[in-house]
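Structure file my_file-v3.txt (compact mmCIF, C-alpha atoms) is printed below.
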```
# COMPACT_ATOMS: atom_id res chain seq x y z
CA MET A 162 16.95 -15.21 0.43
CA ALA A 163 18.65 -12.25 2.06
CA SER A 164 18.26 -11.01 5.62
CA SER A 165 18.97 -7.38 6.38
CA SER A 166 21.31 -6.89 9.34
CA LYS A 167 23.72 -4.19 8.12
CA ALA A 168 25.77 -2.22 10.63
CA GLU A 169 25.43 1.01 8.65
CA LEU A 170 21.90 1.67 7.52
CA ARG A 171 21.28 3.56 4.32
CA GLY A 172 19.09 6.63 4.58
CA LEU A 173 16.71 8.27 2.18
CA TYR A 174 17.97 10.38 -0.69
CA PRO A 175 17.81 14.17 -0.10
CA ALA A 176 14.46 15.90 -0.35
CA LEU A 177 13.50 17.04 -3.82
CA SER A 178 10.67 18.92 -5.46
CA PRO A 179 8.58 17.72 -8.40
CA ASN A 180 9.59 18.71 -11.90
CA SER A 181 5.88 18.87 -12.75
CA THR A 182 2.47 18.14 -11.30
CA SER A 183 -0.72 17.29 -13.15
CA GLU A 184 -4.38 16.64 -12.51
CA LEU A 185 -5.53 13.98 -14.96
CA GLU A 186 -9.18 13.36 -15.76
CA VAL A 187 -9.46 9.58 -15.79
CA GLY A 188 -13.20 9.27 -16.23
CA GLU A 189 -16.34 8.88 -14.13
CA GLY A 190 -15.72 12.29 -12.58
CA HIS A 191 -12.36 11.33 -11.04
CA ILE A 192 -9.30 13.57 -11.29
CA VAL A 193 -6.00 11.96 -10.30
CA TYR A 194 -3.04 13.94 -8.97
CA VAL A 195 0.31 12.99 -10.55
CA GLU A 196 3.81 14.32 -10.01
CA GLN A 197 7.10 13.64 -11.78
CA CYS A 198 10.49 14.02 -10.13
CA GLY A 199 14.14 13.22 -10.70
CA ASN A 200 15.74 12.65 -14.08
CA PRO A 201 13.23 12.81 -16.97
CA ASP A 202 15.63 10.63 -18.98
CA GLY A 203 16.16 8.16 -16.16
CA ILE A 204 14.58 4.77 -15.51
CA PRO A 205 10.83 5.30 -15.11
CA ILE A 206 9.49 4.02 -11.78
CA VAL A 207 6.03 4.55 -10.29
CA PHE A 208 5.33 4.63 -6.55
CA LEU A 209 2.13 2.84 -5.50
CA HIS A 210 0.91 3.93 -2.08
CA GLY A 211 -0.92 1.82 0.44
CA GLY A 212 -4.33 1.83 2.03
CA PRO A 213 -6.58 1.51 0.16
CA GLY A 214 -7.24 5.13 0.98
CA ALA A 215 -3.85 6.57 1.87
CA GLY A 216 -1.84 8.83 -0.44
CA CYS A 217 1.66 9.92 -1.38
CA ASN A 218 3.87 12.37 0.47
CA ALA A 219 7.15 14.16 -0.19
CA GLY A 220 9.18 11.49 1.60
CA HIS A 221 8.12 8.86 -0.89
CA ARG A 222 10.21 10.59 -3.58
CA GLN A 223 13.32 9.94 -1.55
CA PHE A 224 13.52 6.16 -1.96
CA PHE A 225 15.02 6.71 -5.42
CA ASP A 226 18.28 8.12 -6.74
CA PRO A 227 17.04 11.26 -8.54
CA GLN A 228 19.96 11.08 -10.98
CA ARG A 229 19.05 7.60 -12.15
CA PHE A 230 15.26 7.46 -11.89
CA HIS A 231 12.34 9.21 -13.51
CA ILE A 232 10.15 9.13 -10.40
CA ILE A 233 6.36 9.12 -10.80
CA LEU A 234 4.00 9.44 -7.83
CA PHE A 235 0.21 9.65 -7.86
CA ASP A 236 -2.69 9.61 -5.44
CA GLN A 237 -5.21 6.88 -6.23
CA ARG A 238 -8.88 7.65 -6.81
CA GLY A 239 -10.41 9.39 -3.82
CA CYS A 240 -7.06 9.70 -2.05
CA GLY A 241 -4.77 12.55 -1.07
CA ARG A 242 -4.85 15.35 -3.64
CA SER A 243 -7.04 13.46 -6.10
CA LYS A 244 -10.65 14.55 -6.51
CA PRO A 245 -13.36 14.06 -5.38
CA PHE A 246 -11.67 13.34 -2.05
CA GLY A 247 -12.98 10.20 -0.37
CA GLU A 248 -15.15 9.21 -3.35
CA VAL A 249 -15.85 5.46 -3.62
CA GLY A 250 -18.12 5.57 -6.67
CA HIS A 251 -16.33 4.17 -9.73
CA ASN A 252 -13.41 3.30 -7.46
CA THR A 253 -12.28 -0.28 -8.11
CA THR A 254 -9.07 -2.19 -8.64
CA PRO A 255 -9.61 -2.60 -12.42
CA LEU A 256 -10.18 1.15 -12.70
CA LEU A 257 -7.01 1.87 -10.72
CA LEU A 258 -5.10 -0.37 -13.13
CA ALA A 259 -6.62 1.52 -16.05
CA ASP A 260 -5.59 4.79 -14.39
CA LEU A 261 -2.01 3.54 -14.30
CA GLU A 262 -2.09 3.14 -18.07
CA VAL A 263 -3.42 6.68 -18.44
CA ILE A 264 -0.63 7.95 -16.19
CA ARG A 265 2.04 5.97 -18.02
CA THR A 266 0.95 7.41 -21.36
CA HIS A 267 0.73 10.92 -19.91
CA CYS A 268 4.29 10.63 -18.59
CA GLY A 269 5.55 9.50 -22.00
CA VAL A 270 7.06 6.18 -20.95
CA GLN A 271 6.75 2.82 -22.71
CA GLN A 272 7.76 0.70 -19.72
CA TRP A 273 8.34 1.38 -16.06
CA ALA A 274 9.31 -0.29 -12.82
CA LEU A 275 6.76 -0.61 -10.01
CA PHE A 276 7.49 0.16 -6.34
CA GLY A 277 4.56 -0.78 -4.12
CA GLY A 278 4.03 -1.26 -0.41
CA SER A 279 1.17 -3.03 1.39
CA TRP A 280 -1.94 -2.33 -0.76
CA GLY A 281 0.48 -0.76 -3.23
CA ALA A 282 2.16 -4.15 -3.59
CA THR A 283 -1.28 -5.64 -4.34
CA LEU A 284 -1.74 -3.13 -7.14
CA ALA A 285 1.78 -3.69 -8.45
CA LEU A 286 1.19 -7.43 -8.72
CA ALA A 287 -2.26 -7.00 -10.29
CA TYR A 288 -0.88 -4.53 -12.85
CA ALA A 289 2.13 -6.71 -13.69
CA GLU A 290 -0.13 -9.72 -14.21
CA ARG A 291 -2.41 -7.73 -16.52
CA TYR A 292 0.25 -5.70 -18.37
CA PRO A 293 3.45 -7.76 -18.12
CA GLY A 294 4.97 -6.14 -21.21
CA ARG A 295 4.88 -2.73 -19.54
CA VAL A 296 6.95 -3.76 -16.50
CA LEU A 297 10.73 -3.33 -16.12
CA GLY A 298 11.03 -4.49 -12.52
CA LEU A 299 9.20 -4.92 -9.23
CA ILE A 300 9.99 -3.86 -5.67
CA LEU A 301 7.33 -5.06 -3.23
CA ARG A 302 7.24 -4.09 0.45
CA GLY A 303 4.98 -5.51 3.17
CA SER A 304 2.97 -7.34 0.54
CA PHE A 305 -0.78 -7.68 0.98
CA LEU A 306 -2.22 -10.54 -1.09
CA ALA A 307 -5.87 -9.53 -0.57
CA ARG A 308 -7.03 -13.05 0.27
CA GLN A 309 -9.90 -13.62 2.69
CA SER A 310 -7.40 -15.06 5.14
CA ASP A 311 -5.42 -11.78 5.01
CA VAL A 312 -8.58 -9.79 5.70
CA ASP A 313 -9.58 -12.08 8.54
CA TRP A 314 -6.11 -11.68 10.08
CA PHE A 315 -6.58 -7.93 10.38
CA TYR A 316 -10.33 -7.73 10.97
CA ARG A 317 -11.18 -10.77 13.05
CA ASP A 318 -8.67 -13.39 14.12
CA GLY A 319 -4.94 -12.76 14.02
CA ALA A 320 -3.60 -9.35 14.95
CA ASN A 321 -6.07 -9.16 17.84
CA ARG A 322 -4.21 -12.00 19.54
CA PHE A 323 -1.15 -9.78 19.78
CA LEU A 324 -3.10 -6.66 20.81
CA PRO A 325 -6.02 -7.94 22.88
CA LYS A 326 -6.58 -4.70 24.80
CA GLN A 327 -6.54 -2.53 21.69
CA TRP A 328 -8.90 -4.94 19.96
CA GLN A 329 -11.31 -4.91 22.90
CA ASP A 330 -11.19 -1.11 22.94
CA PHE A 331 -12.11 -1.17 19.25
CA VAL A 332 -14.91 -3.71 19.73
CA ASP A 333 -16.37 -1.63 22.56
CA ALA A 334 -16.07 1.65 20.67
CA VAL A 335 -17.88 0.43 17.54
CA GLU A 336 -20.27 -1.82 19.51
CA LEU A 337 -19.29 -4.81 17.41
CA PRO A 338 -21.75 -7.69 17.84
CA PRO A 339 -20.35 -11.24 18.15
CA ASP A 340 -20.23 -13.46 15.06
CA VAL A 341 -20.82 -10.58 12.64
CA GLU A 342 -19.08 -10.00 9.31
CA VAL A 343 -16.79 -7.20 10.45
CA SER A 344 -16.16 -5.47 7.12
CA GLU A 345 -19.87 -5.43 6.29
CA PHE A 346 -20.75 -4.09 9.74
CA LEU A 347 -18.14 -1.34 9.57
CA HIS A 348 -19.14 -0.44 6.02
CA ARG A 349 -22.73 0.16 7.12
CA ARG A 350 -21.56 2.33 10.00
CA VAL A 351 -19.09 4.58 8.14
CA PHE A 352 -21.58 5.14 5.31
CA GLY A 353 -24.51 5.69 7.65
CA ASP A 354 -26.52 8.87 8.12
CA ASN A 355 -25.69 9.28 11.82
CA GLN A 356 -22.63 11.56 11.85
CA GLU A 357 -21.86 10.77 15.48
CA THR A 358 -21.65 7.07 14.62
CA VAL A 359 -19.54 7.78 11.53
CA ASN A 360 -17.09 9.81 13.63
CA ARG A 361 -16.91 7.23 16.40
CA VAL A 362 -16.38 4.25 14.08
CA ALA A 363 -13.82 6.02 11.87
CA ALA A 364 -11.89 7.19 14.92
CA ALA A 365 -11.94 3.69 16.41
CA TRP A 366 -10.77 2.18 13.13
CA GLU A 367 -7.94 4.71 12.91
CA ALA A 368 -6.84 3.83 16.44
CA TRP A 369 -7.03 0.06 15.87
CA SER A 370 -5.31 0.05 12.49
CA GLY A 371 -2.70 2.46 13.83
CA ALA A 372 -1.96 0.17 16.76
CA VAL A 373 -1.43 -2.78 14.41
CA VAL A 374 0.76 -0.83 12.00
CA MET A 375 2.86 0.62 14.83
CA PHE A 376 3.22 -2.71 16.63
CA SER A 377 6.93 -3.20 15.89
CA LEU A 378 7.71 0.31 17.15
CA ASP A 379 6.16 -0.41 20.55
CA ALA A 380 3.64 2.36 20.01
CA SER A 381 0.51 0.28 20.05
CA SER A 382 -1.41 1.98 22.84
CA SER A 383 -3.18 4.53 20.64
CA ALA A 384 -5.85 6.44 22.54
CA MET A 385 -9.37 5.83 21.32
CA ALA A 386 -10.77 9.15 20.10
CA THR A 387 -14.49 9.76 19.66
CA ARG A 388 -14.19 12.14 16.71
CA ALA A 389 -12.37 11.48 13.45
CA SER A 390 -10.82 13.93 11.04
CA LYS A 391 -12.17 14.37 7.53
CA SER A 392 -9.19 12.42 6.17
CA ALA A 393 -9.69 9.57 8.67
CA ILE A 394 -13.34 9.25 7.64
CA ALA A 395 -12.45 9.26 3.93
CA LYS A 396 -9.73 6.66 4.45
CA ALA A 397 -12.03 4.43 6.52
CA ARG A 398 -14.74 4.63 3.86
CA ILE A 399 -12.36 3.69 1.05
CA GLU A 400 -10.89 0.85 3.12
CA MET A 401 -14.32 -0.56 3.95
CA HIS A 402 -15.48 -0.13 0.35
CA TYR A 403 -12.58 -2.24 -0.90
CA ALA A 404 -12.78 -4.81 1.90
CA LEU A 405 -16.52 -5.33 1.42
CA ASN A 406 -15.91 -5.95 -2.29
CA HIS A 407 -13.01 -8.32 -1.69
CA TYR A 408 -10.66 -5.76 -3.24
CA PHE A 409 -12.32 -6.43 -6.60
CA ILE A 410 -10.16 -9.48 -7.23
CA SER A 411 -10.87 -13.17 -6.67
CA ASP A 412 -9.52 -14.94 -3.63
CA ASN A 413 -5.87 -15.96 -4.08
CA GLN A 414 -5.87 -14.47 -7.59
CA LEU A 415 -2.46 -12.84 -7.24
CA LEU A 416 -0.71 -16.11 -6.43
CA GLU A 417 -2.75 -18.23 -8.82
CA GLU A 418 -1.95 -15.91 -11.73
CA SER A 419 1.71 -15.37 -10.82
CA ALA A 420 2.79 -17.25 -13.96
CA ARG A 421 1.62 -14.17 -15.89
CA LEU A 422 4.24 -12.01 -14.18
CA PRO A 423 7.08 -10.89 -16.45
CA ASN A 424 10.58 -12.25 -16.02
CA VAL A 425 12.01 -9.03 -14.59
CA PRO A 426 14.15 -8.16 -11.55
CA THR A 427 11.91 -8.59 -8.50
CA THR A 428 12.78 -7.79 -4.91
CA ILE A 429 10.40 -8.60 -2.05
CA VAL A 430 11.12 -6.70 1.17
CA HIS A 431 9.21 -7.58 4.33
CA GLY A 432 9.55 -6.81 8.02
CA ALA A 433 9.74 -9.92 10.19
CA ARG A 434 7.72 -8.06 12.83
CA ASP A 435 5.00 -6.94 10.42
CA LEU A 436 1.68 -7.49 12.19
CA THR A 437 -0.39 -5.94 9.39
CA CYS A 438 0.75 -8.32 6.65
CA PRO A 439 2.52 -11.37 8.10
CA ALA A 440 5.80 -12.34 6.47
CA GLN A 441 4.35 -15.61 5.21
CA SER A 442 2.88 -13.58 2.33
CA ALA A 443 6.36 -12.54 1.26
CA TRP A 444 7.56 -16.14 1.42
CA LEU A 445 4.64 -17.35 -0.72
CA LEU A 446 5.36 -14.64 -3.29
CA HIS A 447 9.03 -15.54 -3.33
CA GLN A 448 8.11 -19.16 -3.99
CA ALA A 449 5.75 -18.12 -6.77
CA ILE A 450 8.19 -15.77 -8.57
CA PRO A 451 11.27 -17.63 -9.84
CA GLY A 452 14.45 -15.61 -9.48
CA SER A 453 12.96 -13.13 -7.03
CA ILE A 454 15.03 -11.81 -4.14
CA LEU A 455 13.45 -12.05 -0.69
CA ASP A 456 14.75 -9.71 2.01
CA ILE A 457 13.21 -10.41 5.41
CA VAL A 458 14.19 -7.48 7.63
CA ARG A 459 14.40 -8.98 11.08
CA THR A 460 14.15 -5.76 13.11
CA ALA A 461 11.35 -4.10 11.14
CA GLY A 462 7.57 -4.10 10.95
CA HIS A 463 5.21 -2.72 8.34
CA LEU A 464 5.97 0.98 7.92
CA SER A 465 8.22 2.06 5.08
CA ASN A 466 9.72 4.86 7.19
CA GLU A 467 11.24 2.47 9.72
CA ARG A 468 15.00 2.82 9.49
CA PRO A 469 15.74 -0.85 8.69
CA LEU A 470 13.12 -0.83 5.93
CA ILE A 471 14.43 2.43 4.49
CA ASP A 472 17.84 0.78 4.30
CA ALA A 473 16.48 -2.32 2.55
CA LEU A 474 14.31 -0.36 0.13
CA VAL A 475 16.98 2.15 -0.89
CA ARG A 476 19.42 -0.71 -1.45
CA ALA A 477 16.75 -2.41 -3.58
CA THR A 478 16.14 0.67 -5.74
CA ASP A 479 19.89 1.21 -6.17
CA ALA A 480 20.34 -2.41 -7.20
CA LEU A 481 17.47 -2.14 -9.66
CA ALA A 482 18.97 0.98 -11.21
CA THR A 483 22.30 -0.83 -11.64
CA THR A 484 20.60 -3.88 -13.16
CA LEU A 485 18.52 -1.86 -15.62
CA ALA A 486 21.27 0.60 -16.59
```

Render the structure in this file as structure tokens.
Amino acid sequence: MASSSKAELRGLYPALSPNSTSELEVGEGHIVYVEQCGNPDGIPIVFLHGGPGAGCNAGHRQFFDPQRFHIILFDQRGCGRSKPFGEVGHNTTPLLLADLEVIRTHCGVQQWALFGGSWGATLALAYAERYPGRVLGLILRGSFLARQSDVDWFYRDGANRFLPKQWQDFVDAVELPPDVEVSEFLHRRVFGDNQETVNRVAAAWEAWSGAVVMFSLDASSSAMATRASKSAIAKARIEMHYALNHYFISDNQLLEESARLPNVPTTIVHGARDLTCPAQSAWLLHQAIPGSILDIVRTAGHLSNERPLIDALVRATDALATTLA
């Protein structure tokens, strides 16, 4: 197990533009945005963004040496530049895994490495367990194992102990009854017909989840807005859709099926101050994946753009490129 405490932190690679962008029809009315960057003859690696419900941005290209990697980014169903934006119909984990196979074929690669953070790490593990022969390597950051205990930590009993005021603000804003199933309650509200309620609940969720994610940066006092943006509503709806359906995987499936994972270079990076996905998840993964490297970054939290995590992740991609060369 490594522990990141370097005096000189690595930064991101310089900004770069895509070599190509595509809109792939993946079925059921969904069109997925895909971009390819870097060296077309390099090591294929796909970036799996978090959420569920987030998307990719230009900075995500910069975790990889563009001379050594064929970098593939895409926005998952309903997310970012994919269409229809915010759509939850025919939006499940198995379908996202199938989309990855469509994208891989479209990009003309036989095998690729997976780089996933938070929910993206969930997808990376699920894909590698289903298609082990397609995987060259894994880099997992802030891993979310999608167990009921992980959901409860964020929704009910865990993070709220560290942020009691922010949690109470959230409870008051959404008028959360006691002893209710939180994900079910929020799902009903964000998919309801009352637009004022939809706005209020989505804005409150954005403030609460933002406070948790920003915890390690001492920026947890997010103001509680009463109106949410279109993107905040879409993200909240996708998050609640997945949470209500237990992320379309069985409880503890990712750990129980870890023996299916391929014997490939695997690095697990996790912030010790991560309040969104506690570091115990990274430890359990490390125990379940023989030969994996665990890097607990003592001064970091959950966000991939925190300087100590950038350092750890860039070092991990460089090491993977050297190993696979």

### Query
Smallest atom-to-atom distance to Gln448 of chain A: which of A:Ile429, A:Ala320, A:Val270, A:Ala307, using all atoms listed in the file?
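The closest residue to Gln448 of chain A is A:Ile429.
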
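Distance-wise, atom CA of Ser390 of chain A and atom CA of Val359 of chain A end up 10.7 Å apart.
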
### Task
Tell me which of A:Ala482, A:Ala433, A:Val187, A:Ala274 sits closest to Arg295 of chain A, counting all atoms listed in the file.
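Nearest to Arg295 of chain A: A:Ala274.
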
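Rounded to one decimal, atom CA of Ala364 of chain A and atom CA of Ala397 of chain A lie 8.8 Å from each other.
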
### Task
With a distance cut-off of 10 Å and all atoms listed in the file, select the neighbouring residues of Ser453 of chain A, excluding the residue or stretch itself and same-chain residues fewer than 3 positions from it, and output the selection as a list of chain:residue names.
A:Met162, A:Leu299, A:Ile300, A:Asn424, A:Val425, A:Pro426, A:Thr427, A:Thr428, A:Ile429, A:Leu446, A:His447, A:Gln448, A:Ala449, A:Ile450, A:Asp456

### Task
Have a look at atom CA of Ile399 of chain A and atom CA of Gly371 of chain A and let me know their distance in Å, one decimal.
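About the pair atom CA of Ile399 of chain A and atom CA of Gly371 of chain A: they are 16.1 Å apart.
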
### Task
Counting all atoms listed in the file, figure out which residue out of A:Arg361, A:Leu177, A:Gln441, A:Ile471 gets nearest to Leu455 of chain A.
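Looking at the shortest contact to Leu455 of chain A, the residue is A:Gln441.
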
### Query
Using all atoms listed in the file, which of the listed residues (A:Lys396, A:Arg171, A:Arg421, A:Lys244) sits closest to Leu185 of chain A?
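Looking at the shortest contact to Leu185 of chain A, the residue is A:Lys244.
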
Residue completion, segment 275-310 of chain A, N, CA and C atoms, as a short mmCIF file (atom, residue, chain, number, x, y, z; two decimals), in the frame of the given file:
```
data_model
loop_
_atom_site.label_atom_id
_atom_site.label_comp_id
_atom_site.auth_asym_id
_atom_site.auth_seq_id
_atom_site.Cartn_x
_atom_site.Cartn_y
_atom_site.Cartn_z
N LEU A 275 7.82 -0.84 -10.99
CA LEU A 275 6.76 -0.61 -10.01
C LEU A 275 7.33 -0.79 -8.60
N PHE A 276 7.07 0.18 -7.74
CA PHE A 276 7.49 0.16 -6.34
C PHE A 276 6.22 0.28 -5.51
N GLY A 277 5.82 -0.80 -4.85
CA GLY A 277 4.56 -0.78 -4.12
C GLY A 277 4.68 -1.37 -2.74
N GLY A 278 4.02 -0.75 -1.77
CA GLY A 278 4.03 -1.26 -0.41
C GLY A 278 2.63 -1.52 0.11
N SER A 279 2.45 -2.65 0.79
CA SER A 279 1.17 -3.03 1.39
C SER A 279 0.11 -3.14 0.29
N TRP A 280 -0.96 -2.33 0.33
CA TRP A 280 -1.94 -2.33 -0.76
C TRP A 280 -1.28 -1.94 -2.08
N GLY A 281 -0.25 -1.11 -2.02
CA GLY A 281 0.48 -0.76 -3.23
C GLY A 281 1.15 -1.96 -3.87
N ALA A 282 1.60 -2.92 -3.04
CA ALA A 282 2.16 -4.15 -3.59
C ALA A 282 1.07 -4.98 -4.26
N THR A 283 -0.14 -4.97 -3.70
CA THR A 283 -1.28 -5.64 -4.34
C THR A 283 -1.49 -5.09 -5.74
N LEU A 284 -1.53 -3.77 -5.85
CA LEU A 284 -1.74 -3.13 -7.14
C LEU A 284 -0.60 -3.43 -8.10
N ALA A 285 0.63 -3.41 -7.59
CA ALA A 285 1.78 -3.69 -8.45
C ALA A 285 1.68 -5.08 -9.06
N LEU A 286 1.32 -6.06 -8.24
CA LEU A 286 1.19 -7.43 -8.72
C LEU A 286 0.04 -7.55 -9.72
N ALA A 287 -1.10 -6.93 -9.39
CA ALA A 287 -2.26 -7.00 -10.29
C ALA A 287 -1.94 -6.35 -11.63
N TYR A 288 -1.24 -5.22 -11.61
CA TYR A 288 -0.88 -4.53 -12.85
C TYR A 288 0.11 -5.38 -13.66
N ALA A 289 1.11 -5.92 -12.98
CA ALA A 289 2.13 -6.71 -13.69
C ALA A 289 1.55 -7.97 -14.29
N GLU A 290 0.52 -8.55 -13.64
CA GLU A 290 -0.13 -9.72 -14.21
C GLU A 290 -1.02 -9.36 -15.40
N ARG A 291 -1.56 -8.15 -15.41
CA ARG A 291 -2.41 -7.73 -16.52
C ARG A 291 -1.61 -7.13 -17.67
N TYR A 292 -0.55 -6.39 -17.34
CA TYR A 292 0.25 -5.70 -18.37
C TYR A 292 1.73 -6.08 -18.25
N PRO A 293 2.05 -7.35 -18.36
CA PRO A 293 3.45 -7.76 -18.12
C PRO A 293 4.46 -7.08 -19.05
N GLY A 294 4.05 -6.76 -20.27
CA GLY A 294 4.97 -6.14 -21.21
C GLY A 294 5.33 -4.71 -20.87
N ARG A 295 4.61 -4.11 -19.93
CA ARG A 295 4.88 -2.73 -19.54
C ARG A 295 5.85 -2.63 -18.35
N VAL A 296 6.26 -3.76 -17.80
CA VAL A 296 6.95 -3.76 -16.50
C VAL A 296 8.44 -4.04 -16.67
N LEU A 297 9.28 -3.16 -16.10
CA LEU A 297 10.73 -3.33 -16.12
C LEU A 297 11.26 -4.04 -14.89
N GLY A 298 10.58 -3.89 -13.77
CA GLY A 298 11.03 -4.49 -12.52
C GLY A 298 10.00 -4.26 -11.44
N LEU A 299 10.14 -5.01 -10.35
CA LEU A 299 9.20 -4.92 -9.23
C LEU A 299 9.96 -4.82 -7.91
N ILE A 300 9.55 -3.90 -7.07
CA ILE A 300 9.99 -3.86 -5.67
C ILE A 300 8.73 -3.83 -4.82
N LEU A 301 8.55 -4.86 -4.01
CA LEU A 301 7.33 -5.06 -3.23
C LEU A 301 7.67 -5.04 -1.75
N ARG A 302 6.97 -4.22 -0.99
CA ARG A 302 7.24 -4.09 0.45
C ARG A 302 5.98 -4.39 1.26
N GLY A 303 6.11 -5.22 2.30
CA GLY A 303 4.98 -5.51 3.17
C GLY A 303 3.78 -5.99 2.40
N SER A 304 3.98 -6.97 1.55
CA SER A 304 2.97 -7.34 0.54
C SER A 304 1.66 -7.84 1.16
N PHE A 305 0.57 -7.29 0.63
CA PHE A 305 -0.78 -7.68 0.98
C PHE A 305 -1.36 -8.44 -0.20
N LEU A 306 -1.76 -9.70 0.01
CA LEU A 306 -2.22 -10.54 -1.09
C LEU A 306 -3.74 -10.50 -1.28
N ALA A 307 -4.43 -9.77 -0.42
CA ALA A 307 -5.87 -9.53 -0.57
C ALA A 307 -6.70 -10.81 -0.57
N ARG A 308 -6.23 -11.84 0.11
CA ARG A 308 -7.03 -13.05 0.27
C ARG A 308 -7.97 -12.88 1.46
N GLN A 309 -9.00 -13.70 1.54
CA GLN A 309 -9.90 -13.62 2.69
C GLN A 309 -9.14 -13.88 3.98
N SER A 310 -8.18 -14.77 3.94
CA SER A 310 -7.40 -15.06 5.14
C SER A 310 -6.60 -13.84 5.60
#
```
